[in-house]
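Trainee: Below is the file run29.cif, with mmCIF, C-alpha atoms.
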```cif
data_start
#
loop_
_atom_site.label_atom_id
_atom_site.label_comp_id
_atom_site.auth_asym_id
_atom_site.auth_seq_id
_atom_site.Cartn_x
_atom_site.Cartn_y
_atom_site.Cartn_z
CA MET A 1 86.98 119.37 110.64
CA ILE A 2 86.79 123.15 110.92
CA ASP A 3 86.26 122.94 114.69
CA THR A 4 89.55 121.03 114.87
CA LEU A 5 91.38 123.49 112.64
CA LEU A 6 90.28 126.57 114.55
CA LYS A 7 91.03 124.91 117.89
CA HIS A 8 94.62 124.19 116.84
CA GLN A 9 95.32 127.25 114.71
CA GLU A 10 97.19 129.18 117.39
CA LEU A 11 99.34 126.17 118.27
CA ALA A 12 100.24 125.79 114.61
CA ARG A 13 100.96 129.51 114.30
CA GLU A 14 103.58 129.27 117.05
CA LEU A 15 105.67 126.67 115.20
CA THR A 16 108.90 127.77 113.55
CA LEU A 17 109.06 125.27 110.69
CA ILE A 18 109.08 127.79 107.85
CA GLU A 19 111.82 129.81 109.52
CA LYS A 20 113.87 126.64 110.06
CA TRP A 21 113.48 125.75 106.39
CA GLY A 22 114.27 129.28 105.22
CA LEU A 23 110.80 129.87 103.75
CA LYS A 24 108.93 133.17 103.75
CA PRO A 25 105.21 133.59 104.50
CA ARG A 26 103.27 133.55 101.20
CA GLY A 27 106.52 132.69 99.47
CA PHE A 28 105.94 128.97 98.86
CA ALA A 29 103.26 126.41 97.95
CA THR A 30 102.33 123.13 99.61
CA LEU A 31 101.37 119.95 97.79
CA THR A 32 99.58 116.69 98.53
CA LEU A 33 99.16 114.00 95.90
CA HIS A 34 97.95 110.47 96.49
CA ARG A 35 94.74 109.59 94.64
CA PRO A 36 94.92 106.57 92.31
CA SER A 37 93.48 108.66 89.46
CA ASN A 38 96.55 110.91 89.70
CA VAL A 39 99.40 108.60 90.66
CA ASP A 40 98.57 105.16 89.19
CA ASP A 41 98.71 106.20 85.52
CA PRO A 42 102.27 107.02 84.39
CA GLU A 43 101.18 109.51 81.72
CA ILE A 44 98.94 111.45 84.10
CA LEU A 45 101.57 111.43 86.83
CA ARG A 46 104.23 112.57 84.36
CA GLY A 47 102.05 115.50 83.30
CA ILE A 48 101.41 116.52 86.90
CA LEU A 49 105.12 116.35 87.72
CA ASP A 50 105.93 118.40 84.62
CA ALA A 51 103.49 121.08 85.80
CA LEU A 52 104.95 121.03 89.30
CA ASN A 53 108.47 121.39 87.93
CA GLU A 54 107.39 124.50 85.99
CA ILE A 55 105.69 126.01 89.04
CA GLY A 56 108.74 125.10 91.10
CA LYS A 57 110.89 127.35 88.91
CA GLU A 58 108.94 130.29 90.35
CA ILE A 59 108.24 129.22 93.92
CA PRO A 60 109.27 126.42 96.31
CA ILE A 61 106.69 123.62 96.58
CA VAL A 62 106.80 121.68 99.85
CA PHE A 63 105.69 118.11 99.16
CA PRO A 64 105.23 115.77 102.16
CA ILE A 65 105.04 112.71 99.95
CA HIS A 66 102.46 110.01 100.63
CA PRO A 67 103.88 106.44 100.79
CA ARG A 68 101.62 105.40 97.92
CA THR A 69 102.89 108.23 95.74
CA ARG A 70 106.51 107.53 96.63
CA LYS A 71 105.97 103.91 95.59
CA MET A 72 104.44 104.83 92.22
CA VAL A 73 107.06 107.50 91.49
CA LYS A 74 109.78 104.90 92.02
CA GLN A 75 107.88 102.21 90.07
CA PHE A 76 107.52 104.49 87.03
CA GLY A 77 111.15 105.64 87.24
CA PHE A 78 110.20 109.25 87.96
CA ASP A 79 112.26 109.61 91.14
CA GLY A 80 115.03 111.30 89.12
CA ARG A 81 112.69 114.26 88.71
CA PHE A 82 113.09 114.98 92.40
CA SER A 83 116.87 115.13 92.31
CA GLY A 84 118.97 118.09 91.25
CA THR A 85 116.38 120.64 92.42
CA GLU A 86 118.20 123.39 94.22
CA LYS A 87 116.82 125.64 96.90
CA PRO A 88 115.34 128.22 97.22
CA ARG A 89 113.02 127.02 94.42
CA GLY A 90 111.84 123.65 93.17
CA LEU A 91 109.99 120.67 94.59
CA TRP A 92 110.97 120.02 98.22
CA VAL A 93 110.09 116.40 98.99
CA THR A 94 109.75 115.58 102.71
CA ASP A 95 108.47 112.69 104.76
CA PRO A 96 104.79 112.95 105.81
CA LEU A 97 104.21 115.67 108.41
CA GLY A 98 102.03 115.82 111.51
CA TYR A 99 98.75 117.73 111.63
CA LEU A 100 100.14 120.85 113.34
CA GLU A 101 103.20 121.03 111.09
CA PHE A 102 101.14 120.75 107.92
CA LEU A 103 98.58 123.24 109.20
CA HIS A 104 101.45 125.63 109.95
CA LEU A 105 102.67 125.29 106.37
CA ASN A 106 99.23 125.74 104.82
CA MET A 107 98.51 128.81 106.94
CA ASN A 108 101.62 130.45 105.53
CA ALA A 109 101.47 129.20 101.94
CA MET A 110 100.74 131.29 98.86
CA MET A 111 98.72 128.37 97.52
CA VAL A 112 97.95 124.72 98.18
CA ILE A 113 97.97 122.18 95.35
CA THR A 114 96.14 119.01 96.32
CA ASP A 115 93.91 116.08 95.47
CA SER A 116 92.69 115.87 99.07
CA GLY A 117 89.10 116.47 100.10
CA GLY A 118 89.66 117.98 103.52
CA LEU A 119 92.23 120.52 102.37
CA GLN A 120 89.62 122.13 100.14
CA GLU A 121 87.69 123.04 103.29
CA GLU A 122 90.73 123.98 105.37
CA THR A 123 92.15 126.34 102.74
CA THR A 124 88.78 128.07 102.37
CA VAL A 125 88.78 128.82 106.11
CA LEU A 126 92.43 129.91 105.99
CA GLY A 127 91.81 132.13 102.95
CA VAL A 128 94.54 130.36 100.95
CA PRO A 129 94.00 129.60 97.23
CA CYS A 130 93.57 125.87 96.65
CA ILE A 131 94.20 124.19 93.29
CA THR A 132 92.41 120.85 93.36
CA LEU A 133 93.75 118.18 91.01
CA ARG A 134 90.42 116.43 90.55
CA HIS A 135 87.55 116.61 88.07
CA ASN A 136 84.87 117.07 90.72
CA THR A 137 84.44 117.83 94.39
CA GLU A 138 82.13 116.75 97.19
CA ARG A 139 82.60 120.27 98.61
CA PRO A 140 81.18 122.61 95.92
CA ILE A 141 80.70 125.43 98.43
CA THR A 142 84.50 125.77 98.60
CA CYS A 143 84.40 126.75 94.90
CA GLU A 144 81.20 128.80 95.07
CA VAL A 145 82.20 131.08 97.95
CA GLY A 146 85.63 129.86 99.08
CA THR A 147 89.13 129.78 97.62
CA ASN A 148 89.06 126.42 95.84
CA PHE A 149 89.58 125.86 92.11
CA VAL A 150 88.91 122.38 90.69
CA VAL A 151 91.19 122.09 87.65
CA GLY A 152 91.53 118.38 86.91
CA ASN A 153 94.90 116.73 86.37
CA SER A 154 96.13 117.93 83.00
CA ARG A 155 99.47 119.72 82.89
CA ASP A 156 98.16 122.79 81.07
CA ASP A 157 95.13 123.31 83.30
CA ILE A 158 97.26 123.04 86.45
CA LEU A 159 99.76 125.55 85.09
CA HIS A 160 97.07 127.97 83.94
CA ARG A 161 95.53 128.27 87.39
CA ALA A 162 98.84 128.21 89.28
CA PHE A 163 100.31 131.05 87.25
CA ARG A 164 97.18 133.11 87.76
CA VAL A 165 97.65 132.69 91.51
CA LEU A 166 101.34 133.59 91.19
CA LYS A 167 100.31 136.80 89.42
CA GLY A 168 97.88 137.63 92.24
CA ASP A 169 94.77 136.93 90.17
CA VAL A 170 92.77 135.36 92.98
CA PRO A 171 89.15 136.29 93.80
CA ARG A 172 88.65 137.03 97.49
CA GLY A 173 86.83 134.10 99.07
CA LYS A 174 84.75 134.04 102.20
CA VAL A 175 84.11 131.48 104.91
CA PRO A 176 80.79 129.65 104.49
CA GLU A 177 78.06 130.23 107.06
CA LYS A 178 78.48 128.24 110.28
CA TRP A 179 82.10 127.30 109.53
CA ASP A 180 82.93 129.01 112.80
CA GLY A 181 84.36 126.23 114.96
CA ARG A 182 81.10 125.68 116.85
CA ALA A 183 79.65 122.73 114.92
CA ALA A 184 80.23 120.27 117.80
CA GLU A 185 78.61 122.68 120.24
CA ARG A 186 75.51 123.00 118.04
CA ILE A 187 75.33 119.21 117.60
CA VAL A 188 75.46 118.67 121.36
CA GLY A 189 72.70 121.25 121.79
CA ILE A 190 70.49 119.49 119.25
CA LEU A 191 71.10 116.08 120.81
CA THR A 192 70.42 117.44 124.32
CA ASN A 193 67.12 118.94 123.22
CA LEU A 194 66.23 115.77 121.32
CA ASP A 195 66.92 113.72 124.46
CA GLY A 196 64.55 115.95 126.41
CA ARG A 197 61.82 115.62 123.80
CA LEU A 198 62.19 111.84 123.80
CA ASP A 199 61.86 111.78 127.62
CA ARG A 200 58.67 113.81 127.44
CA ALA A 201 57.28 111.60 124.68
CA THR A 202 57.68 108.49 126.79
#
```
Could you take the file, read its structure, and then write that structure out as structure tokens?
Mentor:
Amino acid sequence: MIDTLLKHQELARELTLIEKWGLKPRGFATLTLHRPSNVDDPEILRGILDALNEIGKEIPIVFPIHPRTRKMVKQFGFDGRFSGTEKPRGLWVTDPLGYLEFLHLNMNAMMVITDSGGLQEETTVLGVPCITLRHNTERPITCEVGTNFVVGNSRDDILHRAFRVLKGDVPRGKVPEKWDGRAAERIVGILTNLDGRLDRAT
């Protein structure tokens, strides 16, 4: 995953999406939200949207909405929460974006709010604070040395961490060892040497 990110980082940097949308570097957040634990329960989803609306009063939140989330928002009658939000702040709902476009946004964001697994790793490499709307993570190193904060999905916990980031209260993270874009190269080296050992063994 990190090999892919670092390989495409310069291409993403050259895009002009934030300029086209009138956003400033480090002047907005990005959001992904799709896990059943967050979007299938109306009370939990309402709390998350309430938190996002509060954060959106301070900073634009770009939200490429997942089809599943769009469906549940409509089913629960929450789609009215996305209307009436005026730029430059608020929740900006867009269609899903391509890899380079979303990487471009995350590279320039003040923070990323997500329930994704992969974004926890990507934001650690990018040095961007990540607020993870889950109760656990398969990537604990992103919390131990990176920029990831696992906060759960309660309104108050989301707001607490987000407003700390908005105030600049963010510990400096570092990139974990060997997250250098050369994982595939090392794997090929190991497999090549293994192949040689197998030949000699037979």
Trainee: Neighbours of Phe102 (chain A) within 12 Å (all atoms listed in the file; same-chain residues fewer than 6 positions away dropped), as a ChimeraX atom specification?
Mentor: /A:5,8-9,11-13,15-18,29-32,62-65,94-96,108-109,112,119,122-123
Trainee: Could you check how far CA of Gly77 (chain A) sits from CA of Asn38 (chain A), in Å to one decimal?
Mentor: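 About the pair CA of Gly77 (chain A) and CA of Asn38 (chain A): they are 15.7 Å apart.
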Trainee: May I have the residues within 7 Å of Phe149 (chain A) as a CSV table (one decimal) with C-alpha atoms, keeping the file's coordinate frame, using only C-alpha atoms and disregarding those fewer than 3 positions away in the same chain?
Mentor:
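What landed in around29.csv:
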```csv
chain,number,residue,atom,x,y,z
A,130,CYS,CA,93.6,125.9,96.6
A,131,ILE,CA,94.2,124.2,93.3
A,132,THR,CA,92.4,120.8,93.4
A,143,CYS,CA,84.4,126.8,94.9
```
Trainee: Just to confirm, what's the straight-line distance from CA of Gly152 (chain A) to CA of Ile59 (chain A) in Å (one decimal)?
Mentor: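 CA of Ile59 (chain A) lies at a distance of 21.1 Å from CA of Gly152 (chain A).
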Trainee: Enter the distance from CA of Met107 (chain A) to CA of Lys7 (chain A), in Å, rounded to one decimal.
Mentor: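 Taking CA of Met107 (chain A) as the start and CA of Lys7 (chain A) as the end point, the length is 13.8 Å.
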Trainee: Return the single residue from A:Leu191, A:Val39, A:Val165, A:Val170 that is closest to Gln75 (chain A), with distances computed using all atoms listed in the file.
Mentor: A:Val39
Trainee: Identify, on the basis of all atoms listed in the file, every residue whose closest approach to Arg134 (chain A) does not exceed 8 Å; exclude the query and any residue fewer than 4 positions from it along the same chain; express the result as JSON, numbers by chain.
Mentor: {"A": [115, 150, 151, 152, 153]}
Trainee: In terms of the shortest atom-to-atom distance over only C-alpha atoms, which of A:Gly127, A:Pro25, A:Gly173, A:Gly168 is closest to Val145 (chain A)?
Mentor: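 Between A:Gly127, A:Pro25, A:Gly173, A:Gly168, the residue approaching Val145 (chain A) most closely is A:Gly173.
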Trainee: Calculated over only C-alpha atoms, which of the candidates A:Phe28, A:Pro42, A:Glu138, A:Arg35 has the smallest distance to Asn106 (chain A)?
Mentor: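 Ranking A:Phe28, A:Pro42, A:Glu138, A:Arg35 by distance to Asn106 (chain A), first place goes to A:Phe28.
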Trainee: Per residue of region 63-129 of chain A within 12 Å of region 177-187 of chain A, what are the shortest atom pair and its distance in Å to one decimal, counting only C-alpha atoms, with rows by chain and residue number, as a Markdown table?
Mentor:
```
| residue | atom | partner | partner_atom | distance |
| --- | --- | --- | --- | --- |
| A:Glu121 | CA | A:Trp179 | CA | 9.4 |
| A:Glu122 | CA | A:Trp179 | CA | 10.1 |
| A:Thr124 | CA | A:Trp179 | CA | 9.8 |
| A:Val125 | CA | A:Trp179 | CA | 7.7 |
| A:Leu126 | CA | A:Trp179 | CA | 11.2 |
```
Trainee: Which of these, A:Glu101, A:Gly189, A:Val175, A:Thr137, has the shortest distance to Gly118 (chain A) once you count all atoms listed in the file?
Mentor: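 Going through A:Glu101, A:Gly189, A:Val175, A:Thr137 one by one, the smallest distance to Gly118 (chain A) is for A:Thr137.
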Trainee: I'd like the contact shell of Gly47 (chain A) - 6 Å cut-off, all atoms listed in the file, skipping same-chain residues fewer than 3 positions apart - returned as a ChimeraX atom specification.
Mentor: /A:44,50,155
Trainee: Measuring atom to atom with only C-alpha atoms, identify which of A:Leu23, A:Met110, A:Val188, A:Leu45 is nearest to Trp92 (chain A).
Mentor: A:Leu23
Trainee: Could you check the closest approach to Ile55 (chain A) for each of A:Pro129, A:Gly90, A:Gly146, A:Gly27 and tell me which residue wins, using all atoms listed in the file?
Mentor: A:Gly90
Trainee: Starting from 6 Å padding per side, set up an axis-aligned box that covers all listed atoms of region 5-11 of chain A and hand over centre and edge lengths in Å, one decimal, as AutoDock Vina command-line options.
Mentor:
```
--center_x 94.8 --center_y 126.3 --center_z 115.5 --size_x 21.1 --size_y 17.7 --size_z 17.6
```
Trainee: Taking N, CA, C and O atoms as the atom set, what does region 27-48 of chain A look like once completed, written as a PDB file, in the frame of the given file?
Mentor:
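Saved file selection.pdb follows:
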```pdb
ATOM      1  N   GLY A  27     105.458 132.818 100.447  1.00  0.00           N
ATOM      2  CA  GLY A  27     106.520 132.690  99.470  1.00  0.00           C
ATOM      3  C   GLY A  27     106.752 131.264  99.010  1.00  0.00           C
ATOM      4  O   GLY A  27     107.786 130.963  98.419  1.00  0.00           O
ATOM      5  N   PHE A  28     105.801 130.379  99.255  1.00  0.00           N
ATOM      6  CA  PHE A  28     105.940 128.970  98.860  1.00  0.00           C
ATOM      7  C   PHE A  28     104.556 128.368  98.689  1.00  0.00           C
ATOM      8  O   PHE A  28     103.540 128.949  99.083  1.00  0.00           O
ATOM      9  N   ALA A  29     104.500 127.181  98.084  1.00  0.00           N
ATOM     10  CA  ALA A  29     103.260 126.410  97.950  1.00  0.00           C
ATOM     11  C   ALA A  29     103.416 125.101  98.708  1.00  0.00           C
ATOM     12  O   ALA A  29     104.535 124.658  98.988  1.00  0.00           O
ATOM     13  N   THR A  30     102.298 124.488  99.070  1.00  0.00           N
ATOM     14  CA  THR A  30     102.330 123.130  99.610  1.00  0.00           C
ATOM     15  C   THR A  30     101.565 122.213  98.664  1.00  0.00           C
ATOM     16  O   THR A  30     100.683 122.649  97.920  1.00  0.00           O
ATOM     17  N   LEU A  31     101.921 120.930  98.722  1.00  0.00           N
ATOM     18  CA  LEU A  31     101.370 119.950  97.790  1.00  0.00           C
ATOM     19  C   LEU A  31     101.034 118.664  98.508  1.00  0.00           C
ATOM     20  O   LEU A  31     101.814 118.196  99.349  1.00  0.00           O
ATOM     21  N   THR A  32      99.864 118.085  98.200  1.00  0.00           N
ATOM     22  CA  THR A  32      99.580 116.690  98.530  1.00  0.00           C
ATOM     23  C   THR A  32      99.098 116.002  97.259  1.00  0.00           C
ATOM     24  O   THR A  32      98.411 116.606  96.432  1.00  0.00           O
ATOM     25  N   LEU A  33      99.475 114.745  97.123  1.00  0.00           N
ATOM     26  CA  LEU A  33      99.160 114.000  95.900  1.00  0.00           C
ATOM     27  C   LEU A  33      99.159 112.524  96.238  1.00  0.00           C
ATOM     28  O   LEU A  33     100.198 111.974  96.594  1.00  0.00           O
ATOM     29  N   HIS A  34      97.985 111.883  96.136  1.00  0.00           N
ATOM     30  CA  HIS A  34      97.950 110.470  96.490  1.00  0.00           C
ATOM     31  C   HIS A  34      96.840 109.673  95.817  1.00  0.00           C
ATOM     32  O   HIS A  34      96.850 108.448  95.860  1.00  0.00           O
ATOM     33  N   ARG A  35      95.882 110.325  95.184  1.00  0.00           N
ATOM     34  CA  ARG A  35      94.740 109.590  94.640  1.00  0.00           C
ATOM     35  C   ARG A  35      95.157 108.692  93.482  1.00  0.00           C
ATOM     36  O   ARG A  35      95.943 109.103  92.623  1.00  0.00           O
ATOM     37  N   PRO A  36      94.585 107.472  93.410  1.00  0.00           N
ATOM     38  CA  PRO A  36      94.920 106.570  92.310  1.00  0.00           C
ATOM     39  C   PRO A  36      94.746 107.202  90.938  1.00  0.00           C
ATOM     40  O   PRO A  36      95.536 106.946  90.024  1.00  0.00           O
ATOM     41  N   SER A  37      93.717 108.037  90.765  1.00  0.00           N
ATOM     42  CA  SER A  37      93.480 108.660  89.460  1.00  0.00           C
ATOM     43  C   SER A  37      94.617 109.581  89.042  1.00  0.00           C
ATOM     44  O   SER A  37      94.770 109.884  87.854  1.00  0.00           O
ATOM     45  N   ASN A  38      95.422 110.022  90.004  1.00  0.00           N
ATOM     46  CA  ASN A  38      96.550 110.910  89.700  1.00  0.00           C
ATOM     47  C   ASN A  38      97.892 110.207  89.681  1.00  0.00           C
ATOM     48  O   ASN A  38      98.790 110.619  88.938  1.00  0.00           O
ATOM     49  N   VAL A  39      98.048 109.174  90.507  1.00  0.00           N
ATOM     50  CA  VAL A  39      99.400 108.600  90.660  1.00  0.00           C
ATOM     51  C   VAL A  39      99.548 107.198  90.081  1.00  0.00           C
ATOM     52  O   VAL A  39     100.676 106.714  89.977  1.00  0.00           O
ATOM     53  N   ASP A  40      98.468 106.542  89.683  1.00  0.00           N
ATOM     54  CA  ASP A  40      98.570 105.160  89.190  1.00  0.00           C
ATOM     55  C   ASP A  40      98.762 105.073  87.678  1.00  0.00           C
ATOM     56  O   ASP A  40      99.083 104.003  87.165  1.00  0.00           O
ATOM     57  N   ASP A  41      98.535 106.177  86.975  1.00  0.00           N
ATOM     58  CA  ASP A  41      98.710 106.200  85.520  1.00  0.00           C
ATOM     59  C   ASP A  41      99.995 106.978  85.218  1.00  0.00           C
ATOM     60  O   ASP A  41     100.093 108.162  85.554  1.00  0.00           O
ATOM     61  N   PRO A  42     100.981 106.330  84.585  1.00  0.00           N
ATOM     62  CA  PRO A  42     102.270 107.020  84.390  1.00  0.00           C
ATOM     63  C   PRO A  42     102.176 108.290  83.548  1.00  0.00           C
ATOM     64  O   PRO A  42     102.900 109.259  83.811  1.00  0.00           O
ATOM     65  N   GLU A  43     101.284 108.320  82.556  1.00  0.00           N
ATOM     66  CA  GLU A  43     101.180 109.510  81.720  1.00  0.00           C
ATOM     67  C   GLU A  43     100.574 110.684  82.499  1.00  0.00           C
ATOM     68  O   GLU A  43     101.019 111.827  82.374  1.00  0.00           O
ATOM     69  N   ILE A  44      99.544 110.389  83.289  1.00  0.00           N
ATOM     70  CA  ILE A  44      98.940 111.450  84.100  1.00  0.00           C
ATOM     71  C   ILE A  44      99.930 111.954  85.137  1.00  0.00           C
ATOM     72  O   ILE A  44     100.110 113.167  85.317  1.00  0.00           O
ATOM     73  N   LEU A  45     100.603 111.029  85.809  1.00  0.00           N
ATOM     74  CA  LEU A  45     101.570 111.430  86.830  1.00  0.00           C
ATOM     75  C   LEU A  45     102.713 112.232  86.209  1.00  0.00           C
ATOM     76  O   LEU A  45     103.159 113.230  86.785  1.00  0.00           O
ATOM     77  N   ARG A  46     103.165 111.833  85.028  1.00  0.00           N
ATOM     78  CA  ARG A  46     104.230 112.570  84.360  1.00  0.00           C
ATOM     79  C   ARG A  46     103.789 114.008  84.064  1.00  0.00           C
ATOM     80  O   ARG A  46     104.543 114.963  84.279  1.00  0.00           O
ATOM     81  N   GLY A  47     102.552 114.167  83.598  1.00  0.00           N
ATOM     82  CA  GLY A  47     102.050 115.500  83.300  1.00  0.00           C
ATOM     83  C   GLY A  47     101.958 116.371  84.544  1.00  0.00           C
ATOM     84  O   GLY A  47     102.288 117.565  84.512  1.00  0.00           O
ATOM     85  N   ILE A  48     101.495 115.773  85.651  1.00  0.00           N
ATOM     86  CA  ILE A  48     101.410 116.520  86.900  1.00  0.00           C
ATOM     87  C   ILE A  48     102.806 116.938  87.365  1.00  0.00           C
ATOM     88  O   ILE A  48     103.025 118.102  87.749  1.00  0.00           O
TER      89      ILE A  48
END
```
